[in-house]
>>> print(open('model.cif').read())   # mmCIF, C-alpha atoms
data_structure
#
loop_
_atom_site.label_atom_id
_atom_site.label_comp_id
_atom_site.auth_asym_id
_atom_site.auth_seq_id
_atom_site.Cartn_x
_atom_site.Cartn_y
_atom_site.Cartn_z
CA MET Z 1 -26.05 3.71 16.28
CA LEU Z 2 -27.09 6.98 14.61
CA ARG Z 3 -24.18 8.80 16.24
CA THR Z 4 -21.76 6.15 14.92
CA ILE Z 5 -23.10 6.62 11.38
CA LEU Z 6 -22.73 10.42 11.58
CA VAL Z 7 -19.16 10.19 12.83
CA ALA Z 8 -18.28 7.72 10.09
CA THR Z 9 -19.85 9.94 7.43
CA MET Z 10 -17.90 12.99 8.65
CA ALA Z 11 -14.68 10.99 8.66
CA LEU Z 12 -15.23 9.85 5.07
CA ALA Z 13 -15.95 13.43 4.00
CA MET Z 14 -12.72 14.63 5.58
CA VAL Z 15 -10.74 11.91 3.82
CA ALA Z 16 -12.42 12.61 0.46
CA LYS Z 17 -11.78 16.35 0.64
CA PRO Z 18 -8.32 17.22 -0.73
CA ALA Z 19 -6.06 19.25 1.50
CA PRO Z 20 -5.78 22.85 0.26
CA SER Z 21 -2.45 23.90 -1.16
CA ALA Z 22 -0.63 26.97 0.13
CA ALA Z 23 -1.75 28.88 -2.96
CA GLN Z 24 -5.36 28.32 -1.90
CA CYS Z 25 -5.03 29.95 1.50
CA PRO Z 26 -7.12 33.11 2.00
CA GLY Z 27 -5.37 36.24 0.84
CA ASP Z 28 -2.83 34.63 -1.50
CA LEU Z 29 -3.99 36.75 -4.43
CA ASN Z 30 -0.99 36.18 -6.69
CA GLY Z 31 -0.52 32.48 -5.97
CA ASP Z 32 3.06 32.76 -4.72
CA PHE Z 33 2.43 30.48 -1.71
CA SER Z 34 2.69 33.34 0.78
CA VAL Z 35 0.37 36.04 2.09
CA THR Z 36 1.47 39.63 2.57
CA VAL Z 37 -0.21 42.21 4.78
CA ASP Z 38 -1.36 44.11 1.67
CA GLU Z 39 -2.94 40.95 0.25
CA LEU Z 40 -4.81 40.35 3.51
CA ILE Z 41 -6.03 43.96 3.56
CA THR Z 42 -7.24 43.65 -0.03
CA ALA Z 43 -9.02 40.35 0.72
CA VAL Z 44 -10.77 41.79 3.77
CA ARG Z 45 -11.85 44.91 1.89
CA SER Z 46 -13.14 42.82 -1.00
CA SER Z 47 -15.23 40.87 1.49
CA LEU Z 48 -16.49 44.03 3.18
CA ASP Z 49 -17.48 45.48 -0.20
CA GLN Z 50 -20.25 42.88 -0.23
CA CYS Z 51 -21.64 44.19 3.06
CA ALA Z 52 -24.10 47.02 3.53
CA PHE Z 53 -22.29 50.25 4.35
CA VAL Z 54 -23.02 51.76 7.76
CA GLY Z 55 -21.64 54.73 9.68
CA PRO Z 56 -20.00 57.93 8.41
CA ARG Z 57 -18.76 57.55 4.87
CA PHE Z 58 -15.74 59.86 5.14
CA PHE Z 59 -13.07 59.42 7.81
CA ASP Z 60 -10.50 62.12 8.60
CA ASN Z 61 -7.08 60.44 8.87
CA ARG Z 62 -5.67 63.49 10.68
CA ASP Z 63 -2.72 63.68 8.28
CA GLY Z 64 -4.25 65.93 5.64
CA THR Z 65 -6.07 63.04 4.00
CA VAL Z 66 -9.60 61.61 4.12
CA ARG Z 67 -10.61 57.98 3.56
CA ASP Z 68 -13.80 57.24 1.65
CA GLN Z 69 -15.12 54.21 3.54
CA LYS Z 70 -17.41 53.35 0.64
CA THR Z 71 -14.79 53.16 -2.11
CA GLY Z 72 -11.53 52.83 -0.17
CA LEU Z 73 -10.06 55.86 -1.97
CA ILE Z 74 -7.86 58.30 -0.06
CA TRP Z 75 -8.61 61.96 -0.83
CA GLU Z 76 -6.48 65.04 -0.31
CA LYS Z 77 -8.04 67.35 2.27
CA LYS Z 78 -8.05 70.98 1.14
CA ALA Z 79 -7.36 73.99 3.39
CA ASP Z 80 -7.22 77.80 3.56
CA LEU Z 81 -10.33 78.83 1.67
CA ASP Z 82 -9.77 82.56 2.17
CA GLY Z 83 -9.97 83.98 -1.34
CA SER Z 84 -6.18 84.25 -1.64
CA PRO Z 85 -4.48 81.60 -3.83
CA ASN Z 86 -1.12 80.27 -2.69
CA PRO Z 87 0.61 78.52 -5.62
CA SER Z 88 3.37 77.23 -3.32
CA ASP Z 89 0.82 75.22 -1.30
CA PRO Z 90 -0.94 72.49 -3.35
CA HIS Z 91 -3.57 72.12 -0.60
CA ASP Z 92 -4.78 75.72 -0.84
CA ALA Z 93 -8.45 75.58 -1.80
CA ASP Z 94 -8.20 78.84 -3.75
CA ASN Z 95 -5.66 77.58 -6.31
CA VAL Z 96 -6.78 76.99 -9.89
CA TYR Z 97 -4.92 75.01 -12.54
CA SER Z 98 -5.01 74.32 -16.28
CA TRP Z 99 -5.09 70.76 -17.61
CA SER Z 100 -2.96 71.55 -20.67
CA ARG Z 101 -0.85 74.45 -21.81
CA THR Z 102 -1.53 76.24 -25.08
CA ASP Z 103 1.02 75.28 -27.71
CA THR Z 104 1.41 78.23 -30.06
CA LEU Z 105 3.00 75.99 -32.69
CA SER Z 106 -0.13 73.88 -33.10
CA LEU Z 107 -3.68 73.63 -31.83
CA THR Z 108 -4.56 74.22 -28.20
CA GLY Z 109 -2.71 71.62 -26.17
CA SER Z 110 -4.37 68.37 -25.14
CA ALA Z 111 -1.45 66.73 -23.33
CA PRO Z 112 -1.28 66.56 -19.51
CA ASP Z 113 1.33 69.33 -19.31
CA GLY Z 114 -0.60 72.17 -17.68
CA THR Z 115 -0.10 73.47 -14.15
CA LEU Z 116 -2.46 70.75 -12.94
CA PHE Z 117 0.41 68.33 -13.51
CA THR Z 118 3.55 70.46 -13.43
CA ASP Z 119 2.60 72.36 -10.25
CA PHE Z 120 -0.26 70.67 -8.40
CA LEU Z 121 0.58 66.97 -8.71
CA PHE Z 122 4.31 67.64 -8.68
CA GLY Z 123 3.81 69.49 -5.39
CA LEU Z 124 2.33 66.29 -3.93
CA ASN Z 125 4.56 63.67 -5.58
CA GLY Z 126 7.83 65.52 -6.05
CA GLY Z 127 9.82 63.69 -3.41
CA THR Z 128 13.57 63.56 -2.82
CA SER Z 129 16.10 60.84 -2.09
CA ALA Z 130 19.50 60.90 -0.43
CA ASP Z 131 20.68 57.47 -1.59
CA GLY Z 132 18.63 56.72 -4.68
CA LEU Z 133 17.03 53.77 -2.91
CA GLU Z 134 14.24 55.41 -0.94
CA THR Z 135 12.12 58.44 -1.77
CA GLY Z 136 10.73 60.72 0.90
CA GLY Z 137 9.01 64.07 1.14
CA CYS Z 138 5.85 63.18 -0.76
CA PHE Z 139 2.47 64.18 0.64
CA ALA Z 140 1.34 61.98 3.56
CA GLY Z 141 4.18 59.56 2.82
CA HIS Z 142 2.91 58.54 -0.64
CA CYS Z 143 4.16 59.52 -4.09
CA ASP Z 144 1.25 58.13 -6.14
CA TRP Z 145 -1.25 60.98 -5.92
CA ARG Z 146 -3.26 61.50 -9.09
CA LEU Z 147 -6.27 63.24 -10.55
CA PRO Z 148 -9.52 61.33 -10.01
CA THR Z 149 -11.48 60.00 -12.96
CA ILE Z 150 -14.77 61.71 -13.71
CA GLU Z 151 -16.60 58.82 -12.03
CA GLU Z 152 -14.50 59.17 -8.89
CA THR Z 153 -14.94 62.96 -8.83
CA ALA Z 154 -18.69 62.70 -9.24
CA GLY Z 155 -18.74 59.94 -6.62
CA VAL Z 156 -18.15 62.38 -3.76
CA LEU Z 157 -21.16 64.52 -4.65
CA GLU Z 158 -23.87 64.73 -2.03
CA GLU Z 159 -27.43 63.99 -3.05
CA LEU Z 160 -28.20 66.26 -5.99
CA GLY Z 161 -31.17 67.72 -4.13
CA THR Z 162 -28.78 69.71 -1.94
CA CYS Z 163 -27.31 71.36 -5.04
CA VAL Z 164 -30.54 72.65 -6.57
CA GLY Z 165 -30.45 76.41 -7.06
CA GLY Z 166 -26.68 76.59 -6.93
CA VAL Z 167 -26.52 75.93 -3.18
CA GLY Z 168 -23.20 74.25 -2.59
CA PRO Z 169 -20.65 73.01 -2.27
CA CYS Z 170 -22.40 69.68 -2.55
CA THR Z 171 -19.95 67.36 -0.86
CA ASP Z 172 -19.07 66.18 2.64
CA ALA Z 173 -17.39 68.80 4.85
CA THR Z 174 -14.86 66.19 6.03
CA LEU Z 175 -13.07 66.67 2.70
CA GLY Z 176 -12.18 70.19 3.77
CA PRO Z 177 -13.03 73.50 2.09
CA THR Z 178 -14.59 72.98 -1.33
CA GLN Z 179 -15.27 75.68 -3.88
CA SER Z 180 -18.79 75.92 -5.31
CA ASP Z 181 -17.27 75.63 -8.75
CA GLY Z 182 -15.67 73.23 -11.22
CA TYR Z 183 -13.08 70.58 -10.23
CA TRP Z 184 -10.98 68.87 -12.86
CA SER Z 185 -11.00 65.13 -13.48
CA ALA Z 186 -8.37 63.07 -15.32
CA THR Z 187 -10.88 62.08 -18.00
CA THR Z 188 -10.66 63.52 -21.52
CA PHE Z 189 -13.90 64.27 -23.38
CA VAL Z 190 -14.52 61.71 -26.14
CA GLY Z 191 -14.09 63.19 -29.61
CA VAL Z 192 -12.51 66.45 -28.46
CA ALA Z 193 -9.01 65.85 -27.11
CA THR Z 194 -8.67 69.49 -26.04
CA LYS Z 195 -11.51 69.12 -23.50
CA ALA Z 196 -11.69 67.25 -20.21
CA TRP Z 197 -14.52 66.44 -17.82
CA LEU Z 198 -15.10 68.30 -14.57
CA VAL Z 199 -17.71 68.36 -11.81
CA ASP Z 200 -19.43 71.59 -10.82
CA PHE Z 201 -19.82 71.43 -7.04
CA SER Z 202 -22.33 74.27 -7.04
CA SER Z 203 -24.89 72.39 -9.11
CA GLY Z 204 -23.79 68.76 -9.01
CA ARG Z 205 -23.55 68.68 -12.78
CA LEU Z 206 -20.86 67.22 -15.01
CA ALA Z 207 -19.43 69.33 -17.81
CA GLU Z 208 -16.63 69.27 -20.37
CA ARG Z 209 -14.37 72.29 -20.65
CA GLY Z 210 -11.27 73.34 -22.58
CA LYS Z 211 -8.11 71.98 -21.01
CA ASP Z 212 -6.45 75.40 -21.14
CA LEU Z 213 -9.03 76.90 -18.75
CA PRO Z 214 -8.36 77.34 -15.00
CA PHE Z 215 -10.37 75.25 -12.55
CA PHE Z 216 -9.91 73.76 -9.09
CA ALA Z 217 -8.46 70.35 -8.24
CA ARG Z 218 -8.42 67.71 -5.52
CA ALA Z 219 -6.04 64.75 -5.64
CA VAL Z 220 -6.76 61.13 -4.81
CA ARG Z 221 -4.90 57.85 -4.43
CA SER Z 222 -5.90 54.24 -4.18
CA ALA Z 223 -5.36 52.57 -0.81
CA PRO Z 224 -3.37 51.06 0.76
#
>>> encode(input="model.cif", output="structure tokens")
Amino acid sequence: MLRTILVATMALAMVAKPAPSAAQCPGDLNGDFSVTVDELITAVRSSLDQCAFVGPRFFDNRDGTVRDQKTGLIWEKKADLDGSPNPSDPHDADNVYSWSRTDTLSLTGSAPDGTLFTDFLFGLNGGTSADGLETGGCFAGHCDWRLPTIEETAGVLEELGTCVGGVGPCTDATLGPTQSDGYWSATTFVGVATKAWLVDFSSGRLAERGKDLPFFARAVRSAP
């Protein structure tokens, strides 16, 4: 008798519950009644973001990039820390760049027109196309490399205790050679347009500096 009641109750519940529409299926983030691979990846990562992180945080993709398992960001892996800059190689860890150029017709420049953008990011994103329909030649197959925000830059710092006394660089070695010095972010300092934020990887401190000054850089992109 009890089993009959339970079965009947379950049957009524199934009848009462409306059938989900296609737009309600897991992963259909834009409600277009279909699910793409990218939507599924985003849905899974959103779910995993609620889980406790375990294992190594940084994963070497073996293509010159490193995935941050905590944030999902893809970082450029630097190379050739030998004290000799190589402007033709955007991955050279010895290269320094300015955020803005100095405009002699006005105040010191504040626009993103320094070598950080014209040389460094262009060296990563400056692809080519034979037919005008598909671009190739960008770093690691992606043409959307950018400067990290100050929060993203500071997010790869190791525990600040390892930076006390100027012992650095305070970040994971998986990211490749890192200078114990300042690395530019994309974030302008509030109130002073001619300054931008950077992270000092010798001390773990954040600082604002004039955009015309030379500092190091590491690019990032959002996955996938």
>>> closest_residue(input="model.cif", among="Z:Gly109, Z:Gly155, Z:Gly136, Z:Gly204", to="Trp75 in chain Z", atoms="all atoms listed in the file")
Z:Gly155
>>> resolve_selection(input="model.cif", expression="the PyMOL selection byres ((chain Z and resi 146) around 7)", output="PyMOL selection string")
chain Z and resi 121+144-145+147-148+219-221
>>> resolve_selection(input="model.cif", expression="the PyMOL selection byres ((chain Z and resi 56-72) around 7)", output="list in words")
Phe53, Val54, Gly55, Leu73, Ile74, Trp75, Glu76, Lys77, Ala140, Thr174, Leu175 and Ala223 of chain Z
>>> closest_residue(input="model.cif", among="Z:Phe122, Z:Arg218, Z:Gly210, Z:Thr153", to="Ala193 in chain Z", atoms="only C-alpha atoms")
Z:Gly210
>>> closest_atom_pairs(input="model.cif", of="range 69-100 of chain Z", to="range 179-183 of chain Z", cutoff="10 Å", atoms="all atoms listed in the file", output="CSV")
residue,atom,partner,partner_atom,distance
Z:Lys78,CA,Z:Gln179,CA,10.0
Z:Leu81,CA,Z:Gln179,CA,8.1
Z:Ala93,CA,Z:Gln179,CA,7.1
Z:Asp94,CA,Z:Gln179,CA,7.7
Z:Val96,CA,Z:Tyr183,CA,9.0
Z:Tyr97,CA,Z:Tyr183,CA,9.6
>>> residues_around(input="model.cif", residues="Ser98 in chain Z", least_positions_apart="2", cutoff="12 Å", atoms="all atoms listed in the file", output="number ranges by chain")
Z: 95-96, 100-102, 108-121, 182-186, 194-196, 198, 209-217
>>> closest_residue(input="model.cif", among="Z:Gly137, Z:Trp197, Z:Asp92, Z:Glu208", to="Thr178 in chain Z", atoms="all atoms listed in the file")
Z:Asp92
>>> atom_distance(input="model.cif", atom1="CA of Ser203 in chain Z", atom2="CA of Thr149 in chain Z")
18.7 Å
>>> atom_distance(input="model.cif", atom1="CA of Thr188 in chain Z", atom2="CA of Glu151 in chain Z")
12.1 Å
>>> atom_distance(input="model.cif", atom1="CA of Leu157 in chain Z", atom2="CA of Cys170 in chain Z")
5.7 Å
>>> closest_residue(input="model.cif", among="Z:Pro90, Z:Pro224, Z:Val35, Z:Gly191", to="Asn125 in chain Z", atoms="all atoms listed in the file")
Z:Pro90
>>> decode(input="model.cif", residues="range 45-199 of chain Z", atoms="C-alpha atoms", output="PDB file, in the first residue's frame")
ATOM      1  CA  ARG Z  45      34.247  26.496 -15.209  1.00  0.00           C
ATOM      2  CA  SER Z  46      31.571  28.564 -13.478  1.00  0.00           C
ATOM      3  CA  SER Z  47      30.577  25.460 -11.551  1.00  0.00           C
ATOM      4  CA  LEU Z  48      34.176  24.628 -10.679  1.00  0.00           C
ATOM      5  CA  ASP Z  49      34.734  28.182  -9.434  1.00  0.00           C
ATOM      6  CA  GLN Z  50      32.494  27.246  -6.514  1.00  0.00           C
ATOM      7  CA  CYS Z  51      34.771  24.346  -5.568  1.00  0.00           C
ATOM      8  CA  ALA Z  52      37.828  24.481  -3.360  1.00  0.00           C
ATOM      9  CA  PHE Z  53      40.983  24.757  -5.455  1.00  0.00           C
ATOM     10  CA  VAL Z  54      43.425  21.851  -5.189  1.00  0.00           C
ATOM     11  CA  GLY Z  55      46.662  20.967  -6.956  1.00  0.00           C
ATOM     12  CA  PRO Z  56      49.236  23.218  -8.651  1.00  0.00           C
ATOM     13  CA  ARG Z  57      47.795  26.600  -9.486  1.00  0.00           C
ATOM     14  CA  PHE Z  58      49.800  27.242 -12.657  1.00  0.00           C
ATOM     15  CA  PHE Z  59      49.867  24.796 -15.566  1.00  0.00           C
ATOM     16  CA  ASP Z  60      52.434  25.012 -18.370  1.00  0.00           C
ATOM     17  CA  ASN Z  61      50.578  24.578 -21.681  1.00  0.00           C
ATOM     18  CA  ARG Z  62      53.873  23.816 -23.477  1.00  0.00           C
ATOM     19  CA  ASP Z  63      53.129  26.420 -26.154  1.00  0.00           C
ATOM     20  CA  GLY Z  64      54.702  29.439 -24.498  1.00  0.00           C
ATOM     21  CA  THR Z  65      51.657  30.052 -22.329  1.00  0.00           C
ATOM     22  CA  VAL Z  66      50.641  29.228 -18.751  1.00  0.00           C
ATOM     23  CA  ARG Z  67      47.107  28.671 -17.450  1.00  0.00           C
ATOM     24  CA  ASP Z  68      46.168  30.016 -14.035  1.00  0.00           C
ATOM     25  CA  GLN Z  69      43.902  27.250 -12.732  1.00  0.00           C
ATOM     26  CA  LYS Z  70      42.496  29.582 -10.100  1.00  0.00           C
ATOM     27  CA  THR Z  71      41.327  32.388 -12.393  1.00  0.00           C
ATOM     28  CA  GLY Z  72      41.238  30.714 -15.808  1.00  0.00           C
ATOM     29  CA  LEU Z  73      43.516  33.402 -17.270  1.00  0.00           C
ATOM     30  CA  ILE Z  74      46.174  32.453 -19.818  1.00  0.00           C
ATOM     31  CA  TRP Z  75      49.540  34.153 -19.225  1.00  0.00           C
ATOM     32  CA  GLU Z  76      52.431  34.693 -21.593  1.00  0.00           C
ATOM     33  CA  LYS Z  77      55.490  32.740 -20.473  1.00  0.00           C
ATOM     34  CA  LYS Z  78      58.665  34.841 -20.577  1.00  0.00           C
ATOM     35  CA  ALA Z  79      62.096  33.589 -21.694  1.00  0.00           C
ATOM     36  CA  ASP Z  80      65.773  34.506 -22.100  1.00  0.00           C
ATOM     37  CA  LEU Z  81      66.534  36.331 -18.870  1.00  0.00           C
ATOM     38  CA  ASP Z  82      70.192  36.944 -19.720  1.00  0.00           C
ATOM     39  CA  GLY Z  83      70.618  40.681 -19.243  1.00  0.00           C
ATOM     40  CA  SER Z  84      70.439  41.370 -22.989  1.00  0.00           C
ATOM     41  CA  PRO Z  85      67.152  42.860 -24.269  1.00  0.00           C
ATOM     42  CA  ASN Z  86      65.884  41.684 -27.638  1.00  0.00           C
ATOM     43  CA  PRO Z  87      63.248  44.142 -28.928  1.00  0.00           C
ATOM     44  CA  SER Z  88      62.393  41.822 -31.835  1.00  0.00           C
ATOM     45  CA  ASP Z  89      61.246  39.110 -29.389  1.00  0.00           C
ATOM     46  CA  PRO Z  90      58.239  40.156 -27.249  1.00  0.00           C
ATOM     47  CA  HIS Z  91      58.868  37.195 -24.910  1.00  0.00           C
ATOM     48  CA  ASP Z  92      62.366  38.334 -23.911  1.00  0.00           C
ATOM     49  CA  ALA Z  93      62.300  38.900 -20.158  1.00  0.00           C
ATOM     50  CA  ASP Z  94      64.870  41.704 -20.404  1.00  0.00           C
ATOM     51  CA  ASN Z  95      62.739  44.013 -22.571  1.00  0.00           C
ATOM     52  CA  VAL Z  96      61.299  47.174 -21.042  1.00  0.00           C
ATOM     53  CA  TYR Z  97      58.514  49.315 -22.482  1.00  0.00           C
ATOM     54  CA  SER Z  98      56.844  52.685 -21.947  1.00  0.00           C
ATOM     55  CA  TRP Z  99      53.073  52.958 -21.494  1.00  0.00           C
ATOM     56  CA  SER Z 100      52.803  56.279 -23.328  1.00  0.00           C
ATOM     57  CA  ARG Z 101      55.080  58.366 -25.491  1.00  0.00           C
ATOM     58  CA  THR Z 102      55.967  61.938 -24.581  1.00  0.00           C
ATOM     59  CA  ASP Z 103      54.093  64.398 -26.763  1.00  0.00           C
ATOM     60  CA  THR Z 104      56.244  67.500 -27.089  1.00  0.00           C
ATOM     61  CA  LEU Z 105      53.233  69.524 -28.249  1.00  0.00           C
ATOM     62  CA  SER Z 106      51.393  69.068 -24.964  1.00  0.00           C
ATOM     63  CA  LEU Z 107      51.817  67.477 -21.560  1.00  0.00           C
ATOM     64  CA  THR Z 108      53.456  64.095 -21.110  1.00  0.00           C
ATOM     65  CA  GLY Z 109      51.345  61.586 -22.994  1.00  0.00           C
ATOM     66  CA  SER Z 110      48.672  59.554 -21.248  1.00  0.00           C
ATOM     67  CA  ALA Z 111      47.328  57.606 -24.238  1.00  0.00           C
ATOM     68  CA  PRO Z 112      48.189  53.917 -24.804  1.00  0.00           C
ATOM     69  CA  ASP Z 113      50.651  54.729 -27.587  1.00  0.00           C
ATOM     70  CA  GLY Z 114      53.991  53.800 -26.033  1.00  0.00           C
ATOM     71  CA  THR Z 115      56.159  50.828 -26.989  1.00  0.00           C
ATOM     72  CA  LEU Z 116      54.098  48.710 -24.605  1.00  0.00           C
ATOM     73  CA  PHE Z 117      51.355  48.820 -27.228  1.00  0.00           C
ATOM     74  CA  THR Z 118      53.138  49.607 -30.493  1.00  0.00           C
ATOM     75  CA  ASP Z 119      55.906  47.021 -30.013  1.00  0.00           C
ATOM     76  CA  PHE Z 120      55.059  44.530 -27.267  1.00  0.00           C
ATOM     77  CA  LEU Z 121      51.353  43.866 -27.825  1.00  0.00           C
ATOM     78  CA  PHE Z 122      51.657  44.336 -31.572  1.00  0.00           C
ATOM     79  CA  GLY Z 123      54.370  41.669 -31.552  1.00  0.00           C
ATOM     80  CA  LEU Z 124      51.836  39.257 -30.032  1.00  0.00           C
ATOM     81  CA  ASN Z 125      48.678  40.285 -31.896  1.00  0.00           C
ATOM     82  CA  GLY Z 126      50.018  41.535 -35.212  1.00  0.00           C
ATOM     83  CA  GLY Z 127      48.805  38.661 -37.347  1.00  0.00           C
ATOM     84  CA  THR Z 128      48.498  38.381 -41.122  1.00  0.00           C
ATOM     85  CA  SER Z 129      45.861  37.137 -43.539  1.00  0.00           C
ATOM     86  CA  ALA Z 130      46.059  35.854 -47.092  1.00  0.00           C
ATOM     87  CA  ASP Z 131      42.353  36.098 -47.916  1.00  0.00           C
ATOM     88  CA  GLY Z 132      40.975  38.677 -45.506  1.00  0.00           C
ATOM     89  CA  LEU Z 133      38.781  36.023 -43.921  1.00  0.00           C
ATOM     90  CA  GLU Z 134      41.144  34.355 -41.460  1.00  0.00           C
ATOM     91  CA  THR Z 135      44.014  35.823 -39.463  1.00  0.00           C
ATOM     92  CA  GLY Z 136      47.052  33.791 -38.517  1.00  0.00           C
ATOM     93  CA  GLY Z 137      50.476  34.351 -37.060  1.00  0.00           C
ATOM     94  CA  CYS Z 138      49.404  35.653 -33.662  1.00  0.00           C
ATOM     95  CA  PHE Z 139      51.048  34.305 -30.519  1.00  0.00           C
ATOM     96  CA  ALA Z 140      49.844  30.799 -29.566  1.00  0.00           C
ATOM     97  CA  GLY Z 141      47.063  31.067 -32.150  1.00  0.00           C
ATOM     98  CA  HIS Z 142      45.260  33.982 -30.459  1.00  0.00           C
ATOM     99  CA  CYS Z 143      45.144  37.663 -31.393  1.00  0.00           C
ATOM    100  CA  ASP Z 144      43.522  38.989 -28.198  1.00  0.00           C
ATOM    101  CA  TRP Z 145      46.538  39.368 -25.924  1.00  0.00           C
ATOM    102  CA  ARG Z 146      46.362  42.372 -23.620  1.00  0.00           C
ATOM    103  CA  LEU Z 147      47.896  44.001 -20.589  1.00  0.00           C
ATOM    104  CA  PRO Z 148      46.515  42.674 -17.304  1.00  0.00           C
ATOM    105  CA  THR Z 149      44.618  44.956 -14.955  1.00  0.00           C
ATOM    106  CA  ILE Z 150      46.355  45.875 -11.722  1.00  0.00           C
ATOM    107  CA  GLU Z 151      44.211  43.304  -9.900  1.00  0.00           C
ATOM    108  CA  GLU Z 152      45.206  40.574 -12.338  1.00  0.00           C
ATOM    109  CA  THR Z 153      48.891  41.543 -12.157  1.00  0.00           C
ATOM    110  CA  ALA Z 154      48.876  41.545  -8.376  1.00  0.00           C
ATOM    111  CA  GLY Z 155      46.949  38.263  -8.427  1.00  0.00           C
ATOM    112  CA  VAL Z 156      50.018  36.255  -9.480  1.00  0.00           C
ATOM    113  CA  LEU Z 157      52.101  37.453  -6.535  1.00  0.00           C
ATOM    114  CA  GLU Z 158      53.258  34.775  -4.135  1.00  0.00           C
ATOM    115  CA  GLU Z 159      52.597  35.245  -0.446  1.00  0.00           C
ATOM    116  CA  LEU Z 160      54.046  38.621   0.487  1.00  0.00           C
ATOM    117  CA  GLY Z 161      56.221  37.005   3.137  1.00  0.00           C
ATOM    118  CA  THR Z 162      58.505  35.672   0.405  1.00  0.00           C
ATOM    119  CA  CYS Z 163      59.104  39.218  -0.831  1.00  0.00           C
ATOM    120  CA  VAL Z 164      60.222  40.774   2.456  1.00  0.00           C
ATOM    121  CA  GLY Z 165      63.680  42.300   2.181  1.00  0.00           C
ATOM    122  CA  GLY Z 166      63.539  42.540  -1.593  1.00  0.00           C
ATOM    123  CA  VAL Z 167      63.921  38.784  -2.106  1.00  0.00           C
ATOM    124  CA  GLY Z 168      62.165  38.033  -5.352  1.00  0.00           C
ATOM    125  CA  PRO Z 169      60.828  37.594  -7.844  1.00  0.00           C
ATOM    126  CA  CYS Z 170      57.724  36.781  -5.860  1.00  0.00           C
ATOM    127  CA  THR Z 171      55.733  34.728  -8.318  1.00  0.00           C
ATOM    128  CA  ASP Z 172      55.483  31.129  -9.491  1.00  0.00           C
ATOM    129  CA  ALA Z 173      58.435  29.885 -11.563  1.00  0.00           C
ATOM    130  CA  THR Z 174      56.026  28.244 -14.027  1.00  0.00           C
ATOM    131  CA  LEU Z 175      55.415  31.716 -15.483  1.00  0.00           C
ATOM    132  CA  GLY Z 176      58.994  31.753 -16.709  1.00  0.00           C
ATOM    133  CA  PRO Z 177      61.789  34.207 -15.895  1.00  0.00           C
ATOM    134  CA  THR Z 178      60.508  37.202 -13.948  1.00  0.00           C
ATOM    135  CA  GLN Z 179      62.462  40.342 -13.172  1.00  0.00           C
ATOM    136  CA  SER Z 180      62.622  41.473  -9.544  1.00  0.00           C
ATOM    137  CA  ASP Z 181      61.262  44.815 -10.673  1.00  0.00           C
ATOM    138  CA  GLY Z 182      58.148  46.638 -11.841  1.00  0.00           C
ATOM    139  CA  TYR Z 183      55.639  45.172 -14.339  1.00  0.00           C
ATOM    140  CA  TRP Z 184      53.092  47.388 -16.036  1.00  0.00           C
ATOM    141  CA  SER Z 185      49.346  46.932 -15.712  1.00  0.00           C
ATOM    142  CA  ALA Z 186      46.634  48.338 -17.983  1.00  0.00           C
ATOM    143  CA  THR Z 187      45.184  50.413 -15.147  1.00  0.00           C
ATOM    144  CA  THR Z 188      45.583  54.196 -15.081  1.00  0.00           C
ATOM    145  CA  PHE Z 189      46.094  55.911 -11.715  1.00  0.00           C
ATOM    146  CA  VAL Z 190      42.945  57.781 -10.647  1.00  0.00           C
ATOM    147  CA  GLY Z 191      43.379  61.551 -10.789  1.00  0.00           C
ATOM    148  CA  VAL Z 192      46.673  61.491 -12.691  1.00  0.00           C
ATOM    149  CA  ALA Z 193      46.148  60.331 -16.272  1.00  0.00           C
ATOM    150  CA  THR Z 194      49.894  60.358 -16.956  1.00  0.00           C
ATOM    151  CA  LYS Z 195      50.486  57.589 -14.391  1.00  0.00           C
ATOM    152  CA  ALA Z 196      49.614  53.896 -14.438  1.00  0.00           C
ATOM    153  CA  TRP Z 197      49.744  51.149 -11.836  1.00  0.00           C
ATOM    154  CA  LEU Z 198      52.467  48.509 -11.731  1.00  0.00           C
ATOM    155  CA  VAL Z 199      53.508  45.668  -9.434  1.00  0.00           C
TER     156      VAL Z 199
END
